[in-house]
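Asker: Dumping the structure here so I can ask a few things about it.
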Amino acid sequence: MELAIGIILAGCAIGAGLALIAGIGPGIGEGNAVAKACEAIGRQPESKGAVTSTMIMGCAIAETTGLYGLVIGILLIFVAPNLFVNILKNAVK
Amino acid sequence: MNNKSLRFKVVDWLLIALMILPLVAGIALKVLTTPGSDGIAITGARVYCVIPMPLQDLPITESQVNSWLIMLTIVGAVLYLTHGLALKPQTKRQLLVEWAVEKAEYLVSDNMGARFKAFVPFIAAIMVISASSSLMSLVGLRPPTADINVVAGWAVVVFIIITYYKLKGGLFPYVKGFFEPVPIFAPFNIIGELSTPVSMSFRHYGNVLSGVVISTLIATALQGLSKLLLGWIPVIGNIPFLQAGLPAILSLYFDIFSGLMQAFIFAMLTMLYIATGFPEEDYERRMAKKRARAAARA
């Protein structure tokens with residue numbers, strides 16, 4: 001029983017860690033977006049306002065995939081262990 | 001203007017009280033129901049009570065109560081701001097309100113076009129409730145937007161409106177849109193359509209929740225650190241001094257910037273989805289057909 005619970009907890013922790021790999025994509029993507037926005041502002045400083053607001057909008061949308069990973073990670077750490085342990089206990093009964 | 005009547009002032013104070021009292025009530029409720037001595041913990045929204053219902057029990061959670069409170073606060077703020085409107089602005093708040101309404105109208109007409117002018121109140125309402133819900137964490141309450149149920153409710157409302165406007169071009173073009181470019185793509189198109197509310201709600205909820213979790217983690221860490229460093233001093237050692245400054249700086253980003261940003265993005269995406277999903281040509285064709293039929297009948 002203890003071993004099974006230990007495996008559940010370890011699996012949840014490892015899974016949460018793996019889920020946060022999803023942060024790589026938005027990091028690279030947003031970095032590219034900001035770099036291009038800086039270039040655009042450098043070329044046309046008068047369009048700074050429009051470029052900045054469009055960039056922030058795009059960054060926020062690109063962030064979504066990372067947030068999926070974050071939500072999964074949070075669920076795995078705070079919700080899943082209790083749930084799985086309860087399922088295990090009910091199954092053992 | 002100093003020549004306001006006494007009645008005007010009394011009503012003003014009542015409205016200010018309506019603005020502030022819900023937040024005070026929320027803080028009192030939180031202080032009264034939080035069990036002492038369990039320190040800082042990352043939990044979901046607290047369940048205040050459970051109402052038995054035929055199909056499934058209805059839990060009244062902290063996020064629900066907090067969103068009712070913030071609604072009351074917004075009602076109070078709106079009544080206060082629009083109190084004493086005049087043709088010639090006599091109060092400063094009227095100028096503020098006029099500025100805000102003009103900005104909202106400009107934003108909507110800029111992003112959606114003149115056809116969707118009637119959306120100004122809806123978009124402004126979404127923005128205001130989302131921003132003020134996220135800013136609730138500044139007074140120490142749990143923001144309702146850190147609960148996916150609240151945000152998913154808004155996203156479902158928005159999704160229904162999007163679908164309604166897509167259906168305005170007729171049922172056949174709407175269904176046909178799923179089978180483009182080739183019929184094999186139909187399942188992917190349907191999944192893509194359904195992922196709209198999911199991604200909208202996850203984006204908003206994930207951003208606010210990550211702020212809540214990170215602030216709690218940092219507050220806990222600073223509490224431990226100050227206990228470690230200053231715990232040997234007899235009386236004042238128990239006060240977590242290190243918690244004073246840093247969380248406030250972080251909340252500048254996580255609560256204020258992130259909250260306002262997400263409110264803006266949620267409203268922006270609502271506008272874009274509605275405006276780009278609206279099939280203008282099909283709608284015009286359908287209206288023209290309808291008009292021709294009515295003319296033929298007459």
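Ordered as shown in the structure tokens, chains take letters A, B, and onward, while each chain numbers its residues from 1 and ligands are numbered from 1 in the order shown.
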For chain B, work out the contacting residues on chain A at 9 Å, counting only C-alpha atoms, and write them as number ranges by chain.
Answerer: A: 56-57, 60-61, 63-65, 67-68, 70-71, 74, 78
Asker: Within 12 Å of A:Ile41, counting only C-alpha atoms, which residues show up once you throw out same-chain ones fewer than 5 positions away? Write them as a PyMOL selection string, please.
Answerer: chain A and resi 34-36+46-53+55
Asker: Which polymer residues have any atom within 8 Å of an atom of A:Ala13, counting only C-alpha atoms, with same-chain residues fewer than 4 positions away left out, as a PDB file with C-alpha atoms, in the first residue's frame?
Answerer:
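Wrote out_36.pdb, looks like this:
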```
ATOM      1  CA  LEU A   9       3.168  10.615  -5.596  1.00  0.00           C
ATOM      2  CA  GLY A  17       7.849  18.464 -14.008  1.00  0.00           C
ATOM      3  CA  LEU A  76      -0.947  17.051 -10.959  1.00  0.00           C
ATOM      4  CA  ILE A  77       0.552  18.536  -7.816  1.00  0.00           C
TER       5      ILE A  77
END
```
Asker: Any chance you could list, as a PyMOL selection string, the residues in stretch 38-209 of chain B that come up strand (DSSP E) when DSSP is run on the backbone?
Answerer: chain B and resi 47-51+58-61
Asker: Report as a PyMOL selection string all protein, DNA and RNA residues lying within 8 Å of B:Ser130, evaluated on only C-alpha atoms, omitting residues in the same chain fewer than 3 positions from it.
Answerer: chain B and resi 126-127+133-134+145+259-260+262-263
Asker: Could you jot down the atom CA of A:Ile72 to atom CA of A:Ala16 separation for me, Å, one decimal place?
Answerer: 7.0 Å
Asker: Take atom CA of A:Ala4 and atom CA of A:Ala80 and report the distance between them in Å, one decimal.
Answerer: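 So the answer is 14.4 Å.
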Asker: Each residue of stretch 78-187 of chain B with at least one atom at most 7 Å from stretch 8-27 of chain B should appear once, together with its nearest atom pair and the corresponding distance in Å (one decimal); atoms considered: only C-alpha atoms; ordering: chain, then increasing residue number; output as JSON lines.
Answerer:
```
{"residue": "B:Leu79", "atom": "CA", "partner": "B:Leu15", "partner_atom": "CA", "distance": 6.9}
{"residue": "B:Tyr80", "atom": "CA", "partner": "B:Leu15", "partner_atom": "CA", "distance": 5.6}
{"residue": "B:Leu141", "atom": "CA", "partner": "B:Ile27", "partner_atom": "CA", "distance": 6.5}
```
Asker: I need the chosen residues saved as a PDB file, in the first residue's frame, with N, CA and C atoms.
Answerer:
```
ATOM      1  N   LEU B  79     -23.116  53.407 -10.231  1.00  0.00           N
ATOM      2  CA  LEU B  79     -24.119  54.370  -9.780  1.00  0.00           C
ATOM      3  C   LEU B  79     -23.447  55.646  -9.276  1.00  0.00           C
ATOM      4  N   TYR B  80     -22.311  55.471  -8.582  1.00  0.00           N
ATOM      5  CA  TYR B  80     -21.612  56.640  -8.072  1.00  0.00           C
ATOM      6  C   TYR B  80     -21.100  57.506  -9.214  1.00  0.00           C
ATOM      7  N   LEU B 141      -8.381  39.285  -0.978  1.00  0.00           N
ATOM      8  CA  LEU B 141      -9.386  38.264  -1.256  1.00  0.00           C
ATOM      9  C   LEU B 141      -8.901  37.369  -2.384  1.00  0.00           C
TER      10      LEU B 141
END
```
Asker: Which residues are close to B:Lys176, i.e. within 12 Å by only C-alpha atoms, leaving aside same-chain residues fewer than 3 positions away? Reply as an MDAnalysis selection string.
Answerer: chainID B and resid 166:167 169:173 179:183 185:186 189:190
Asker: Could you give me, as a JSON list (two decimals) with C-alpha atoms, in the first residue's frame, each residue of stretch 4-150 of chain B that DSSP assigns to alpha helix (DSSP H) when run on this structure's backbone?
Answerer:
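As a result, result.json now contains:
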```
[["chain", "number", "residue", "atom", "x", "y", "z"],
["B", 6, "LEU", "CA", -27.17, 67.95, 1.17],
["B", 7, "ARG", "CA", -29.29, 65.23, -0.44],
["B", 8, "PHE", "CA", -26.76, 64.84, -3.24],
["B", 9, "LYS", "CA", -23.95, 64.42, -0.75],
["B", 10, "VAL", "CA", -25.86, 61.89, 1.33],
["B", 11, "VAL", "CA", -26.63, 59.79, -1.74],
["B", 12, "ASP", "CA", -22.98, 60.07, -2.73],
["B", 13, "TRP", "CA", -21.82, 58.71, 0.60],
["B", 14, "LEU", "CA", -24.37, 55.90, 0.44],
["B", 15, "LEU", "CA", -23.06, 54.88, -2.98],
["B", 16, "ILE", "CA", -19.46, 55.00, -1.79],
["B", 17, "ALA", "CA", -20.52, 52.76, 1.09],
["B", 18, "LEU", "CA", -22.14, 50.37, -1.41],
["B", 19, "MET", "CA", -18.80, 50.31, -3.24],
["B", 20, "ILE", "CA", -16.66, 49.57, -0.20],
["B", 21, "LEU", "CA", -18.94, 47.49, 2.03],
["B", 22, "PRO", "CA", -18.97, 44.34, -0.17],
["B", 23, "LEU", "CA", -15.18, 44.21, -0.07],
["B", 24, "VAL", "CA", -15.16, 44.72, 3.70],
["B", 25, "ALA", "CA", -17.79, 42.00, 4.03],
["B", 26, "GLY", "CA", -15.66, 39.70, 1.88],
["B", 27, "ILE", "CA", -12.58, 40.30, 4.02],
["B", 28, "ALA", "CA", -14.60, 39.74, 7.19],
["B", 29, "LEU", "CA", -16.03, 36.52, 5.79],
["B", 30, "LYS", "CA", -12.59, 35.33, 4.83],
["B", 31, "VAL", "CA", -11.10, 36.15, 8.24],
["B", 32, "LEU", "CA", -14.00, 34.49, 10.05],
["B", 33, "THR", "CA", -14.02, 31.29, 8.02],
["B", 62, "GLU", "CA", -15.44, 31.39, -2.19],
["B", 63, "SER", "CA", -15.11, 32.37, -5.86],
["B", 64, "GLN", "CA", -18.87, 32.51, -6.28],
["B", 65, "VAL", "CA", -19.36, 34.68, -3.20],
["B", 66, "ASN", "CA", -16.46, 36.90, -4.20],
["B", 67, "SER", "CA", -17.83, 37.39, -7.68],
["B", 68, "TRP", "CA", -21.21, 38.41, -6.24],
["B", 69, "LEU", "CA", -19.41, 40.88, -3.99],
["B", 70, "ILE", "CA", -17.44, 42.34, -6.86],
["B", 71, "MET", "CA", -20.65, 42.67, -8.86],
["B", 72, "LEU", "CA", -22.17, 44.68, -6.01],
["B", 73, "THR", "CA", -19.05, 46.82, -5.90],
["B", 74, "ILE", "CA", -19.25, 47.46, -9.63],
["B", 75, "VAL", "CA", -22.93, 48.38, -9.36],
["B", 76, "GLY", "CA", -22.03, 50.82, -6.60],
["B", 77, "ALA", "CA", -19.18, 52.28, -8.61],
["B", 78, "VAL", "CA", -21.31, 52.69, -11.72],
["B", 79, "LEU", "CA", -24.12, 54.37, -9.78],
["B", 80, "TYR", "CA", -21.61, 56.64, -8.07],
["B", 81, "LEU", "CA", -19.92, 57.61, -11.32],
["B", 92, "LYS", "CA", -15.12, 65.56, -12.41],
["B", 93, "ARG", "CA", -16.51, 62.05, -12.43],
["B", 94, "GLN", "CA", -18.73, 62.86, -15.39],
["B", 95, "LEU", "CA", -15.64, 63.74, -17.40],
["B", 96, "LEU", "CA", -14.08, 60.44, -16.34],
["B", 97, "VAL", "CA", -17.17, 58.49, -17.35],
["B", 98, "GLU", "CA", -17.40, 60.27, -20.70],
["B", 99, "TRP", "CA", -13.74, 59.53, -21.35],
["B", 100, "ALA", "CA", -14.21, 55.84, -20.49],
["B", 101, "VAL", "CA", -17.31, 55.46, -22.66],
["B", 102, "GLU", "CA", -15.58, 57.18, -25.56],
["B", 103, "LYS", "CA", -12.57, 54.88, -25.22],
["B", 104, "ALA", "CA", -14.80, 51.79, -25.15],
["B", 105, "GLU", "CA", -16.70, 52.95, -28.21],
["B", 106, "TYR", "CA", -13.47, 53.68, -30.02],
["B", 107, "LEU", "CA", -12.03, 50.27, -29.11],
["B", 108, "VAL", "CA", -15.10, 48.37, -30.30],
["B", 109, "SER", "CA", -15.60, 50.32, -33.51],
["B", 110, "ASP", "CA", -11.88, 50.07, -34.24],
["B", 111, "ASN", "CA", -11.79, 46.28, -33.86],
["B", 112, "MET", "CA", -15.25, 45.18, -34.90],
["B", 120, "VAL", "CA", -19.95, 48.38, -26.60],
["B", 121, "PRO", "CA", -21.76, 47.73, -23.27],
["B", 122, "PHE", "CA", -21.11, 43.99, -23.40],
["B", 123, "ILE", "CA", -17.39, 44.33, -24.13],
["B", 124, "ALA", "CA", -17.00, 47.06, -21.54],
["B", 125, "ALA", "CA", -18.82, 44.93, -18.97],
["B", 126, "ILE", "CA", -16.56, 41.94, -19.67],
["B", 127, "MET", "CA", -13.48, 44.10, -19.33],
["B", 128, "VAL", "CA", -14.62, 45.77, -16.11],
["B", 129, "ILE", "CA", -15.70, 42.60, -14.33],
["B", 130, "SER", "CA", -12.62, 40.68, -15.41],
["B", 131, "ALA", "CA", -10.22, 43.44, -14.41],
["B", 132, "SER", "CA", -11.86, 44.14, -11.09],
["B", 133, "SER", "CA", -12.13, 40.43, -10.26],
["B", 134, "SER", "CA", -8.42, 39.98, -10.85],
["B", 135, "LEU", "CA", -7.61, 43.13, -8.87],
["B", 148, "ILE", "CA", -11.86, 27.98, -13.85],
["B", 149, "ASN", "CA", -15.60, 27.71, -13.31],
["B", 150, "VAL", "CA", -16.03, 31.49, -13.28]]
```
Asker: Please, what distance in Å, to one decimal, runs between atom CA of B:Ile233 and atom CA of B:Ser251?
Answerer: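 Going from atom CA of B:Ile233 over to atom CA of B:Ser251 covers 29.3 Å.
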